[in-house]
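Taking it in order: structure first as structure tokens, then the write-up.
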Amino acid sequence: MDAATNAQMQGAGQTPSGGRRPPLAILIAISTISPLAMNIYLPSLPGMIKALESTAAEVQLTMSLYLAAVGLSQLVLGPISDRYGRRPVVVTGMAVFVLGTLICLAATSVETVIFGRIVQAAGGCAGLVLGRAIVRDLYEREQAASMIGYVTMGLAVGPMLAPAMGGALDGVAGWKGGFYLMLAIGIAVTLAAWACLHETHHDRSQSASVTSLLASYRALSRERLFWAFASVSMFTSAVYFAFLGGAPFIASEVLGMTPLTMGLYFMMVAGGYIVGNGLSGRFAARVGVLRMIVIGSLMPVVTVVLAAVLFSAGIYHPFSLFLPMCILGLGNGICLPSALSGAVSVRPDLAGAASGLAGSMQIGLGAGVSALVAWMLSQSMYPGTVWPLLVVMGGCVTLTLVSVIACYRSERV
């Protein structure tokens with residue numbers, strides 16, 4: 001099919017294979033569920049410790065195991081969607097998300113909340129991973145980077161508002177307040193996906209067996225360019241997840257912030273991410289994915305240096321933490337759409353598997369560094385310090401830059 005025919009079909013609301021193109025709002029909605037659920041209860045973590053008579057380390061598992069479940073589930077859901085299509089996997093995943101939310105609401109112990117969060121994550125990540133695959137079904141690499149930027153710009157609005165909403169709901173309904181809202185949103189998105197999410201993947205693999213799943217990943221494992229792009233997305237995301245692992249406790253214990261105030265400051269970080277994604281959507285197709293990756297990957301360097309300077313100078317103010325992280329959000333918004341578009345475009349026939357593996361690498365390392373930062377802060381010889389967070393972030397920034405160099409070298413091979 002030539003470019004003119006492809007463009008004509010897209011203008012008519014069709015996929016290149018002749019199917020109906022899903023509305024952009026649906027792609028944003030299904031992609032938003034998982035990060036929204038991840039962020040909305042952050043201001044309630046200190047209150048959850050008291051209500052469930054647990055420890056900070058135990059409550060942190062509701063975050064780190066959530067991330068781990070997202071990472072592992074993507075490894076399966078991506079290839080399954082290559083076989084059975086995107087729509088049935090997304091709709092089923094949204095229903096499972098609702099079930100996990102109900103388990104969290106019924107919980108009376110931290111162990112039950114952890115289990116509910118794992119179920120929530122396994123279902124909600126279907127939209128996160130397949131939103132990218134659906135975009136790649138519709139567009140070529142450079143344009144896909146722009147569209148992923150627009151989708152993630154839209155989905156960032158929910159996570160931006162989530163901590164503030166969670167902080168407000170915490171004051172009304174305790175730590176379960178955010179979960180009540182997620183139940184309502186989960187039901188609405190499930191029904192919307194059932195009604196409006198049209199299939200985009202019609203050239204499907206013939207088997208969904210374990211052997212075929214492994215074959216998909218073996219094929220990707222031989223693609224150096226895939227690993228380079230996926231590593232960029234993994235390490236630059238890890239910088240942000242390190243922040244998530246330490247920020248609630250630093251904000252509460254070191255900076256003395258209330259849940260509502262903390263949620264409002266989190267909006268700065270998400271605001272930077274929205275701006276970055278908007279820039280990616282506008283310029284990625286014109287500038288190219290490699291240049292966008294370079295520009296975006298340099299901003300976390302500024303983040304770590306600026307935060308280190310401010311805290312070294314003894315400036316312990318919320319802006320000392322959240323202003324540098326706003327720059328981090330801007331950089332991630334510029335870098336990630338292009339890195340992910342590059343990863344899923346290396347083998348378009350395996351876009352679901354590539355999206356799943358790249359996403360799993362992102363979330364898997366994110367879970368690890370998030371838990372590591374929380375543990376380092378709890379074990380620190382110097383209570384009230386922020387340096388464990390900055391050290392981990394600095395290591396992830398360094399590995400991001402190494403991966404960017406690998407992208408350039410692999411692209412030229």
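By order in the structure tokens, chains are A, B, ...; within a chain, residues start at 1; ligands start at 1, following the order shown.
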
I want to know what sits within 10 Å of Ala230 (chain A), based on only C-alpha atoms, with residues of the same chain fewer than 2 positions away left out; could you give that as a PyMOL selection string? chain A and resi 224-228+232-235+336+339-344+354-355+357-362+403+407

Take CA of Leu45 (chain A) and CA of Met262 (chain A) and report the distance between them in Å, one decimal.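 Here the two named atoms are 11.4 Å from each other.
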
Per residue of region 126-183 of chain A within 12 Å of region 50-67 of chain A, what are the shortest atom pair and its distance in Å to one decimal, counting only C-alpha atoms, with rows by chain and residue number, as JSON lines?
```
{"residue": "A:Asp170", "atom": "CA", "partner": "A:Ala51", "partner_atom": "CA", "distance": 11.8}
{"residue": "A:Ala173", "atom": "CA", "partner": "A:Ala51", "partner_atom": "CA", "distance": 12.0}
{"residue": "A:Gly174", "atom": "CA", "partner": "A:Ala51", "partner_atom": "CA", "distance": 8.7}
{"residue": "A:Trp175", "atom": "CA", "partner": "A:Ala51", "partner_atom": "CA", "distance": 8.0}
{"residue": "A:Lys176", "atom": "CA", "partner": "A:Ala51", "partner_atom": "CA", "distance": 10.2}
```

Show me, as a PyMOL selection string, the residues that have an atom within 7 Å of region 307-322 of chain A when counting only C-alpha atoms, minus same-chain residues fewer than 3 positions from it. chain A and resi 255+265+268-269+303-304+325-326

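Remark: for Gly272 (chain A), the closest of the candidate residues A:Pro46, A:Gly296, A:Gly78, A:Pro248 is A:Gly296 (distances computed over only C-alpha atoms).
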